[in-house]
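Everything below belongs to final.txt, which stores compact mmCIF, C-alpha atoms.
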```txt
# COMPACT_ATOMS: atom_id res chain seq x y z
CA MET B 1 80.51 17.68 -20.57
CA SER B 2 80.50 20.38 -17.86
CA ARG B 3 83.54 21.38 -15.83
CA VAL B 4 83.54 22.50 -12.18
CA LEU B 5 86.23 23.96 -9.92
CA VAL B 6 86.03 22.61 -6.35
CA THR B 7 87.96 24.44 -3.63
CA GLY B 8 89.20 22.59 -0.56
CA ALA B 9 89.14 19.50 -2.73
CA ASN B 10 91.28 17.35 -0.45
CA GLY B 11 89.05 17.84 2.61
CA PHE B 12 85.95 16.06 3.83
CA VAL B 13 83.35 17.99 1.85
CA GLY B 14 85.60 18.81 -1.10
CA SER B 15 86.77 15.24 -1.73
CA ASN B 16 83.20 13.94 -1.65
CA LEU B 17 82.13 16.68 -4.06
CA CYS B 18 84.93 15.70 -6.44
CA ARG B 19 83.87 12.06 -6.37
CA TRP B 20 80.18 12.95 -6.81
CA PHE B 21 80.80 15.14 -9.85
CA ARG B 22 83.20 12.69 -11.51
CA GLU B 23 80.71 9.83 -11.08
CA ARG B 24 78.12 11.96 -12.89
CA GLY B 25 80.28 12.86 -15.84
CA TRP B 26 81.64 16.26 -14.82
CA GLU B 27 85.24 17.27 -15.42
CA VAL B 28 86.70 18.42 -12.10
CA ASP B 29 89.42 20.95 -11.30
CA ALA B 30 90.48 20.30 -7.70
CA LEU B 31 92.01 23.26 -5.86
CA VAL B 32 94.39 22.15 -3.09
CA ARG B 33 97.30 23.63 -1.19
CA GLU B 34 100.84 22.61 -2.10
CA THR B 35 101.20 20.72 1.20
CA SER B 36 97.74 19.11 1.26
CA ASP B 37 97.22 15.46 2.14
CA LEU B 38 95.66 14.05 -1.04
CA ARG B 39 94.68 10.60 0.22
CA PHE B 40 90.95 11.26 -0.24
CA LEU B 41 91.54 12.04 -3.91
CA ASP B 42 93.41 8.79 -4.60
CA GLY B 43 92.10 7.15 -7.76
CA LEU B 44 89.96 10.11 -8.80
CA ASP B 45 90.47 11.48 -12.29
CA VAL B 46 90.66 15.16 -11.38
CA ARG B 47 93.00 17.94 -12.45
CA LEU B 48 94.89 19.27 -9.45
CA ILE B 49 95.25 23.05 -9.15
CA LYS B 50 97.82 24.05 -6.52
CA GLY B 51 97.30 27.27 -4.61
CA ASP B 52 96.46 28.96 -1.32
CA LEU B 53 93.25 31.01 -1.17
CA ARG B 54 94.93 33.51 1.12
CA PHE B 55 97.02 34.41 -1.92
CA ALA B 56 94.46 33.74 -4.62
CA ASP B 57 96.07 36.23 -7.01
CA ARG B 58 98.85 33.64 -7.47
CA ILE B 59 96.48 30.80 -8.41
CA ASP B 60 96.61 29.76 -12.06
CA LEU B 61 92.87 29.38 -12.67
CA PRO B 62 91.84 27.08 -15.51
CA ALA B 63 90.80 29.00 -18.61
CA GLY B 64 87.05 29.22 -19.09
CA THR B 65 86.06 28.44 -15.49
CA THR B 66 82.25 28.65 -15.48
CA TYR B 67 81.19 26.66 -12.41
CA VAL B 68 82.69 26.87 -8.91
CA VAL B 69 81.79 25.12 -5.65
CA HIS B 70 83.62 26.89 -2.85
CA ALA B 71 83.94 24.35 -0.03
CA ALA B 72 87.30 25.41 1.40
CA ALA B 73 87.04 26.90 4.89
CA LEU B 74 88.12 26.50 8.46
CA VAL B 75 85.50 24.40 10.28
CA SER B 76 85.73 24.69 14.05
CA ASP B 77 83.58 25.65 17.03
CA THR B 78 86.68 26.54 19.04
CA ALA B 79 88.77 28.59 16.57
CA GLY B 80 89.38 32.24 17.38
CA ASP B 81 88.14 35.31 15.56
CA GLU B 82 91.38 36.01 13.71
CA ASP B 83 91.72 32.48 12.31
CA CYS B 84 88.07 32.43 11.23
CA ALA B 85 88.30 35.84 9.58
CA ARG B 86 91.41 34.83 7.63
CA ASN B 87 90.26 31.35 6.58
CA ILE B 88 86.58 32.05 5.92
CA PHE B 89 85.86 35.66 4.98
CA ASP B 90 89.26 36.78 3.65
CA ALA B 91 89.80 33.57 1.68
CA THR B 92 86.41 33.84 0.00
CA ARG B 93 86.85 37.52 -0.84
CA SER B 94 90.29 36.74 -2.29
CA LEU B 95 88.90 33.92 -4.46
CA VAL B 96 86.04 36.04 -5.78
CA ARG B 97 88.42 38.88 -6.61
CA ARG B 98 90.68 36.46 -8.50
CA LEU B 99 87.76 35.04 -10.47
CA ARG B 100 86.51 38.49 -11.45
CA GLU B 101 89.94 39.79 -12.38
CA SER B 102 90.67 36.70 -14.48
CA GLY B 103 87.68 37.41 -16.71
CA ALA B 104 86.35 33.89 -16.14
CA PRO B 105 82.92 33.45 -17.81
CA LEU B 106 81.41 32.48 -14.46
CA GLN B 107 77.86 31.12 -14.63
CA ARG B 108 77.42 29.90 -11.05
CA PHE B 109 79.34 30.20 -7.77
CA VAL B 110 78.04 27.88 -5.05
CA TYR B 111 79.16 28.85 -1.56
CA VAL B 112 79.04 26.19 1.15
CA SER B 113 78.03 28.01 4.33
CA THR B 114 76.32 26.51 7.41
CA ALA B 115 72.78 26.25 8.77
CA LEU B 116 74.12 27.69 12.01
CA THR B 117 73.85 31.14 10.41
CA LEU B 118 70.12 30.66 11.07
CA GLY B 119 70.66 29.49 14.66
CA PHE B 120 70.00 26.24 16.52
CA GLY B 121 67.90 24.82 19.36
CA ARG B 122 64.48 25.12 17.71
CA ARG B 123 62.25 23.22 15.28
CA ASP B 124 61.82 24.15 11.60
CA ILE B 125 64.37 26.94 11.67
CA SER B 126 64.39 29.28 8.67
CA GLU B 127 65.27 32.88 7.80
CA GLU B 128 61.76 33.88 8.84
CA ARG B 129 61.89 31.77 12.00
CA PRO B 130 65.47 31.78 13.32
CA GLY B 131 66.69 29.65 16.20
CA ARG B 132 68.89 30.39 19.17
CA SER B 133 71.71 32.61 17.91
CA ALA B 134 75.13 31.01 17.42
CA VAL B 135 77.02 34.25 16.77
CA PHE B 136 79.03 33.68 19.94
CA LEU B 137 81.06 31.31 17.70
CA PRO B 138 83.60 33.18 15.52
CA TYR B 139 83.05 30.48 12.89
CA VAL B 140 79.39 31.44 12.59
CA ARG B 141 80.02 35.20 12.69
CA HIS B 142 82.37 35.01 9.74
CA LYS B 143 80.09 32.69 7.78
CA ILE B 144 77.32 35.29 8.18
CA ARG B 145 79.73 38.04 7.18
CA THR B 146 80.73 36.08 4.06
CA GLU B 147 77.12 35.37 3.09
CA CYS B 148 76.33 39.10 3.34
CA GLU B 149 79.34 40.01 1.19
CA LEU B 150 78.34 37.55 -1.53
CA ARG B 151 74.71 38.63 -1.53
CA ASP B 152 75.79 42.26 -1.79
CA LEU B 153 77.93 41.37 -4.80
CA HIS B 154 74.91 39.77 -6.41
CA ALA B 155 72.63 42.71 -5.64
CA GLN B 156 75.14 45.29 -6.87
CA GLY B 157 76.66 43.54 -9.87
CA GLY B 158 74.83 40.30 -10.56
CA PHE B 159 77.50 37.99 -9.13
CA PRO B 160 75.96 34.52 -9.76
CA VAL B 161 76.16 33.17 -6.22
CA VAL B 162 73.95 30.50 -4.65
CA ILE B 163 74.47 29.82 -0.95
CA LEU B 164 74.02 26.38 0.59
CA ARG B 165 73.52 26.08 4.34
CA PRO B 166 74.05 22.46 5.33
CA GLY B 167 73.19 21.22 8.80
CA ASP B 168 75.46 18.80 10.67
CA VAL B 169 77.36 17.22 7.77
CA TYR B 170 78.57 13.68 8.41
CA GLY B 171 79.93 11.00 6.13
CA PRO B 172 83.05 9.14 5.01
CA ASN B 173 86.27 11.22 5.08
CA ASP B 174 85.02 13.28 8.06
CA ARG B 175 88.11 13.47 10.24
CA ILE B 176 86.81 16.40 12.31
CA SER B 177 83.53 15.12 13.77
CA CYS B 178 82.88 11.48 12.88
CA ALA B 179 86.41 10.20 13.45
CA ARG B 180 86.62 11.91 16.84
CA MET B 181 83.20 10.65 17.95
CA LEU B 182 84.07 7.10 16.90
CA ALA B 183 87.39 7.33 18.71
CA GLY B 184 85.46 8.47 21.79
CA CYS B 185 83.16 5.47 21.44
CA GLU B 186 86.18 3.15 21.34
CA GLN B 187 87.49 4.76 24.52
CA GLY B 188 84.17 4.11 26.23
CA LEU B 189 83.18 7.76 26.60
CA PRO B 190 79.44 8.18 27.39
CA LEU B 191 78.38 10.32 24.44
CA VAL B 192 74.61 10.22 25.02
CA ALA B 193 73.50 12.91 27.46
CA GLY B 194 70.05 12.77 29.04
CA HIS B 195 67.53 10.68 27.13
CA GLY B 196 69.21 11.49 23.80
CA ARG B 197 65.90 11.72 21.91
CA TRP B 198 66.49 15.20 20.53
CA ARG B 199 66.68 15.34 16.76
CA PHE B 200 69.40 17.30 15.03
CA GLY B 201 69.92 18.79 11.58
CA TYR B 202 71.71 15.76 10.16
CA CYS B 203 72.94 16.15 6.58
CA HIS B 204 74.62 13.18 4.95
CA ILE B 205 77.48 14.28 2.72
CA GLY B 206 75.80 12.64 -0.29
CA ASN B 207 72.80 14.91 0.18
CA LEU B 208 75.02 17.98 0.33
CA CYS B 209 76.70 16.88 -2.90
CA ARG B 210 73.29 16.34 -4.50
CA ALA B 211 72.20 19.84 -3.47
CA ALA B 212 75.47 21.35 -4.74
CA GLU B 213 74.96 19.92 -8.22
CA LEU B 214 71.36 21.13 -8.30
CA ALA B 215 72.52 24.58 -7.15
CA LEU B 216 74.94 24.69 -10.10
CA VAL B 217 72.45 23.77 -12.80
CA THR B 218 69.05 25.08 -11.66
CA PRO B 219 68.26 28.31 -13.55
CA GLY B 220 67.08 31.55 -11.99
CA ILE B 221 68.17 31.02 -8.37
CA GLU B 222 71.12 33.41 -8.18
CA GLY B 223 71.33 35.39 -4.96
CA ARG B 224 69.34 32.86 -2.93
CA ALA B 225 70.26 30.66 0.03
CA TYR B 226 69.09 27.10 0.65
CA THR B 227 69.24 24.97 3.79
CA VAL B 228 70.29 21.34 3.28
CA THR B 229 69.61 18.41 5.61
CA ASN B 230 68.10 14.98 5.35
CA ALA B 231 64.30 15.10 5.32
CA VAL B 232 63.99 12.31 7.89
CA LEU B 233 66.19 13.15 10.87
CA PRO B 234 67.76 10.83 13.45
CA THR B 235 68.18 11.53 17.14
CA TRP B 236 71.54 11.97 18.81
CA LYS B 237 70.98 8.66 20.59
CA GLU B 238 70.45 6.86 17.28
CA LEU B 239 73.68 8.31 15.90
CA PHE B 240 75.80 7.60 18.96
CA ASN B 241 74.35 4.11 19.49
CA ALA B 242 75.07 3.24 15.84
CA PHE B 243 78.65 4.41 16.23
CA GLN B 244 79.06 2.50 19.50
CA ARG B 245 77.74 -0.70 17.94
CA GLY B 246 80.03 -0.19 14.99
CA VAL B 247 83.12 -0.31 17.20
CA GLY B 248 81.78 -3.00 19.52
CA LYS B 249 80.91 -0.79 22.48
CA LYS B 250 77.75 -0.21 24.50
CA GLN B 251 77.04 2.82 26.65
CA LYS B 252 76.23 1.74 30.19
CA VAL B 253 76.16 5.11 31.93
CA TYR B 254 74.03 8.02 30.73
CA VAL B 255 75.14 11.50 31.72
CA PRO B 256 72.43 13.79 33.16
CA VAL B 257 72.01 17.02 31.20
CA LEU B 258 72.77 19.22 34.21
CA LEU B 259 75.99 17.32 34.87
CA ALA B 260 77.06 17.66 31.22
CA ARG B 261 76.46 21.41 31.36
CA ALA B 262 78.37 21.70 34.63
CA LEU B 263 81.32 19.82 33.15
CA ALA B 264 81.26 22.09 30.09
CA ALA B 265 81.24 25.17 32.32
CA ALA B 266 84.18 23.84 34.30
CA ALA B 267 86.12 23.06 31.12
CA GLY B 268 85.40 26.58 29.86
CA ALA B 269 86.75 28.06 33.08
CA VAL B 270 89.97 26.06 32.75
CA ALA B 271 90.34 27.13 29.11
CA ALA B 272 89.95 30.78 30.14
CA VAL B 273 92.90 30.44 32.50
CA PHE B 274 95.00 28.17 30.26
CA PRO B 275 94.39 29.21 26.60
CA ARG B 276 96.26 26.19 25.20
CA PHE B 277 93.84 23.82 26.89
CA GLU B 278 91.35 22.43 24.36
CA PRO B 279 88.31 20.99 26.17
CA THR B 280 86.33 18.12 24.72
CA LEU B 281 83.15 19.64 26.14
CA ASN B 282 82.01 23.23 25.74
CA TYR B 283 78.76 25.16 26.09
CA TYR B 284 77.87 24.89 22.42
CA ARG B 285 78.48 21.15 22.10
CA VAL B 286 76.42 20.31 25.15
CA ARG B 287 73.59 22.59 24.04
CA ARG B 288 73.59 20.99 20.59
CA VAL B 289 73.16 17.44 21.86
CA THR B 290 70.59 18.37 24.52
CA SER B 291 68.14 20.41 22.47
CA GLU B 292 65.96 19.84 19.41
CA THR B 293 67.32 21.42 16.22
CA THR B 294 65.61 20.97 12.86
CA TYR B 295 65.62 23.14 9.75
CA ASP B 296 62.94 23.96 7.19
CA ILE B 297 64.10 22.58 3.80
CA SER B 298 60.82 23.12 1.96
CA GLY B 299 62.34 25.89 -0.18
CA THR B 300 65.24 23.66 -1.16
CA ILE B 301 62.83 20.93 -2.20
CA ALA B 302 60.57 23.32 -4.13
CA ASP B 303 63.20 25.41 -5.92
CA LEU B 304 65.94 22.86 -6.55
CA GLY B 305 63.90 19.68 -6.88
CA TYR B 306 65.99 18.35 -3.98
CA ARG B 307 65.11 14.77 -3.01
CA PRO B 308 67.38 13.58 -0.18
CA ASP B 309 68.46 10.05 0.56
CA ASP B 310 67.05 9.44 4.05
CA ASP B 311 68.45 5.97 4.83
CA TYR B 312 70.50 7.24 7.74
CA GLU B 313 71.06 3.77 9.22
CA ARG B 314 72.91 2.74 6.05
CA GLN B 315 74.73 6.08 6.05
CA PHE B 316 75.87 5.56 9.65
CA ALA B 317 77.17 2.10 8.70
CA GLU B 318 79.13 3.59 5.78
CA ILE B 319 80.79 6.08 8.15
CA VAL B 320 81.80 3.28 10.54
CA ALA B 321 83.17 1.21 7.64
CA TRP B 322 85.23 4.19 6.46
CA TYR B 323 86.58 4.77 9.97
CA ARG B 324 87.65 1.15 10.36
CA LYS B 325 89.33 1.24 6.95
CA GLU B 326 91.18 4.45 7.84
CA LYS B 327 92.39 2.95 11.12
CA ALA B 328 93.68 -0.13 9.32
CA ARG B 329 95.39 2.04 6.72
CA ASP B 330 97.07 4.21 9.32
CA GLY B 331 98.14 1.12 11.23
CA LEU B 332 99.95 -0.16 8.17
CA ALA B 333 101.61 3.20 7.46
```
Exercise: express the given structure as structure tokens:
Amino acid sequence: MSRVLVTGANGFVGSNLCRWFRERGWEVDALVRETSDLRFLDGLDVRLIKGDLRFADRIDLPAGTTYVVHAAALVSDTAGDEDCARNIFDATRSLVRRLRESGAPLQRFVYVSTALTLGFGRRDISEERPGRSAVFLPYVRHKIRTECELRDLHAQGGFPVVILRPGDVYGPNDRISCARMLAGCEQGLPLVAGHGRWRFGYCHIGNLCRAAELALVTPGIEGRAYTVTNAVLPTWKELFNAFQRGVGKKQKVYVPVLLARALAAAAGAVAAVFPRFEPTLNYYRVRRVTSETTYDISGTIADLGYRPDDDYERQFAEIVAWYRKEKARDGLA
């Protein structure tokens, strides 16, 4: 039986990874902070490892750690440069240093990055055919910086890294994107802008977990990066309409693209004057939902044998069911 260390194990991606690996017979060491909310790990037979990646030298790593999936990171399109540097690049460097100094017999280190390192707003985006640059986001800049650091470590010393670049990851336990969008639907916010028929790089969390396991066990792929999305992609309108139906709402007013961009510009101007103001709309978010963004996953399919689950209608329903369950749970708390 294989054993894997999952960082950020209490979060959206990390908790789903823990469940995926346990259901497939892996032993799981779950790295969490001392103060972490562990509700998403309830009922899972995992060994909790307490520690903060900013001070990784203090983490008591399990002896003989051979497989790591590094999912812990700040995920935000509004966070500043300092926060992103500390919670993306510095945290990863600290973890890698701790692993190397511990003498762990590491066989594979899977780093969960983002497809935005390749850009957005174009079809079939790849390293050879990048999209519109997203480096104006500190989150993306420090993901790129971290990828470069890890690839350099591989080139210089054989560090066994494999990088995964998921698209827009949605699924149960997603409190950052899905929960907020569903709450917006309940409030009657018109989420569909324009005709809404632009596809996006949708990646169901189950497909990311599937790719992570393949990245751990597929031989001879160290130093490479793989983009992960569903193969059959929905449109933004399909996603938002499914969410609206799930909470018993129907969008009656559709926002013109130019109006959405104007509102985002106005919100950005207010945020520039009042830094504590956190706008719901910004340039990036409006651009994402009003342009076509798809990624080339042919290399992931060829090298990893990746075969995604493309039943996104069922996946959307699972997200809504999770959201309703969470709301009921919080209401009872």
query: From the list B:Glu186, B:Glu128, B:Asp152, B:Asp42, which residue is nearest B:Val247 when using all atoms listed in the file?
result: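 With all atoms listed in the file as the atom set, the closest residue is B:Glu186.
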- prompt: With all atoms listed in the file as the atoms that count, which of B:Pro166, B:Gly119, B:Gly305, B:Pro62 lies nearest to B:Val6?
  reply: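 Closest candidate: B:Pro62.
Protein and nucleic acid residues near (67.1, 11.8, 21.0) are His195, Gly196, Arg197, Trp198, Arg199, Pro234, Thr235, Trp236, Lys237 and Glu238 of chain B, the criterion being any atom at most 8 Å away using all atoms listed in the file.
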Could you write those residues out with C-alpha atoms, as an mmCIF file, in the coordinates of the input?
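File produced: selection_22.cif:
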```cif
data_model
loop_
_atom_site.group_PDB
_atom_site.id
_atom_site.type_symbol
_atom_site.label_atom_id
_atom_site.label_comp_id
_atom_site.auth_asym_id
_atom_site.auth_seq_id
_atom_site.Cartn_x
_atom_site.Cartn_y
_atom_site.Cartn_z
ATOM 1 C CA HIS B 195 67.530 10.680 27.130
ATOM 2 C CA GLY B 196 69.210 11.490 23.800
ATOM 3 C CA ARG B 197 65.900 11.720 21.910
ATOM 4 C CA TRP B 198 66.490 15.200 20.530
ATOM 5 C CA ARG B 199 66.680 15.340 16.760
ATOM 6 C CA PRO B 234 67.760 10.830 13.450
ATOM 7 C CA THR B 235 68.180 11.530 17.140
ATOM 8 C CA TRP B 236 71.540 11.970 18.810
ATOM 9 C CA LYS B 237 70.980 8.660 20.590
ATOM 10 C CA GLU B 238 70.450 6.860 17.280
#
```
Give one line per residue of stretch 131-216 of chain B that approaches stretch 311-319 of chain B to at most 10 Å, naming the two atoms of the closest pair and their distance in Å to one decimal, counting all atoms listed in the file; sort by chain then ascending residue number and deliver it as JSON lines.
```
{"residue": "B:Tyr170", "atom": "CA", "partner": "B:Ile319", "partner_atom": "CA", "distance": 7.9}
{"residue": "B:Gly171", "atom": "CA", "partner": "B:Ile319", "partner_atom": "CA", "distance": 5.4}
{"residue": "B:Pro172", "atom": "CA", "partner": "B:Ile319", "partner_atom": "CA", "distance": 4.9}
{"residue": "B:Asn173", "atom": "CA", "partner": "B:Ile319", "partner_atom": "CA", "distance": 8.1}
{"residue": "B:Asp174", "atom": "CA", "partner": "B:Ile319", "partner_atom": "CA", "distance": 8.4}
{"residue": "B:Cys178", "atom": "CA", "partner": "B:Ile319", "partner_atom": "CA", "distance": 7.5}
{"residue": "B:Ala179", "atom": "CA", "partner": "B:Ile319", "partner_atom": "CA", "distance": 8.8}
{"residue": "B:Leu182", "atom": "CA", "partner": "B:Ile319", "partner_atom": "CA", "distance": 9.4}
{"residue": "B:Tyr202", "atom": "CA", "partner": "B:Tyr312", "partner_atom": "CA", "distance": 8.9}
{"residue": "B:Cys203", "atom": "CA", "partner": "B:Tyr312", "partner_atom": "CA", "distance": 9.3}
{"residue": "B:His204", "atom": "CA", "partner": "B:Gln315", "partner_atom": "CA", "distance": 7.2}
{"residue": "B:Ile205", "atom": "CA", "partner": "B:Gln315", "partner_atom": "CA", "distance": 9.3}
{"residue": "B:Gly206", "atom": "CA", "partner": "B:Gln315", "partner_atom": "CA", "distance": 9.2}
```
Counting only C-alpha atoms, the option among B:Arg175, B:Asn10, B:Leu137, B:Glu213 closest to B:Arg22: B:Glu213
field: Separation of atom CA of B:Arg145 from atom CA of B:Leu95, in Å and rounded to one decimal
entry: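 Computing the Euclidean distance for atom CA of B:Arg145 and atom CA of B:Leu95 yields 15.4 Å.
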Residue with smallest distance to B:Val96 - pool B:Thr114, B:Asn282, B:Ser291, B:Thr7, counting only C-alpha atoms: B:Thr7
Non-local contacts of stretch 77-89 of chain B (7 Å; all atoms listed in the file; under 6 positions in same chain excluded) as a ChimeraX atom specification: /B:137-139,142-143,145-146
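Of the residues listed (B:Val68, B:Val320, B:Leu214, B:Arg180), B:Val320 shows the shortest atom-to-atom separation from B:Arg245; distances use all atoms listed in the file.
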Spatial sel., origin (88.1, 16.1, -4.4), limit 12 Å, all atoms listed in the file, listed as a short mmCIF file (atom, residue, chain, number, x, y, z; two decimals) with C-alpha atoms, in the frame of the given file:
```cif
data_model
loop_
_atom_site.label_atom_id
_atom_site.label_comp_id
_atom_site.auth_asym_id
_atom_site.auth_seq_id
_atom_site.Cartn_x
_atom_site.Cartn_y
_atom_site.Cartn_z
CA VAL B 4 83.54 22.50 -12.18
CA LEU B 5 86.23 23.96 -9.92
CA VAL B 6 86.03 22.61 -6.35
CA THR B 7 87.96 24.44 -3.63
CA GLY B 8 89.20 22.59 -0.56
CA ALA B 9 89.14 19.50 -2.73
CA ASN B 10 91.28 17.35 -0.45
CA GLY B 11 89.05 17.84 2.61
CA PHE B 12 85.95 16.06 3.83
CA VAL B 13 83.35 17.99 1.85
CA GLY B 14 85.60 18.81 -1.10
CA SER B 15 86.77 15.24 -1.73
CA ASN B 16 83.20 13.94 -1.65
CA LEU B 17 82.13 16.68 -4.06
CA CYS B 18 84.93 15.70 -6.44
CA ARG B 19 83.87 12.06 -6.37
CA TRP B 20 80.18 12.95 -6.81
CA PHE B 21 80.80 15.14 -9.85
CA ARG B 22 83.20 12.69 -11.51
CA GLU B 23 80.71 9.83 -11.08
CA GLU B 27 85.24 17.27 -15.42
CA VAL B 28 86.70 18.42 -12.10
CA ASP B 29 89.42 20.95 -11.30
CA ALA B 30 90.48 20.30 -7.70
CA LEU B 31 92.01 23.26 -5.86
CA VAL B 32 94.39 22.15 -3.09
CA SER B 36 97.74 19.11 1.26
CA ASP B 37 97.22 15.46 2.14
CA LEU B 38 95.66 14.05 -1.04
CA ARG B 39 94.68 10.60 0.22
CA PHE B 40 90.95 11.26 -0.24
CA LEU B 41 91.54 12.04 -3.91
CA ASP B 42 93.41 8.79 -4.60
CA GLY B 43 92.10 7.15 -7.76
CA LEU B 44 89.96 10.11 -8.80
CA ASP B 45 90.47 11.48 -12.29
CA VAL B 46 90.66 15.16 -11.38
CA ARG B 47 93.00 17.94 -12.45
CA LEU B 48 94.89 19.27 -9.45
CA ILE B 49 95.25 23.05 -9.15
CA VAL B 69 81.79 25.12 -5.65
CA HIS B 70 83.62 26.89 -2.85
CA ALA B 71 83.94 24.35 -0.03
CA ALA B 72 87.30 25.41 1.40
CA ASN B 173 86.27 11.22 5.08
CA CYS B 209 76.70 16.88 -2.90
#
```
- prompt: Any idea what the distance is between atom CA of B:Asp57 and atom CA of B:Ser102?
  reply: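 Separation of atom CA of B:Asp57 and atom CA of B:Ser102: 9.2 Å.
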- prompt: Which residue, B:Asp309, B:Glu127, B:Glu222, B:Glu292, has the smallest gap to B:Tyr111 when you use only C-alpha atoms?
  reply: B:Glu222
statement: atom CA of B:Asp296 to atom CA of B:Ala242 measures 25.5 Å
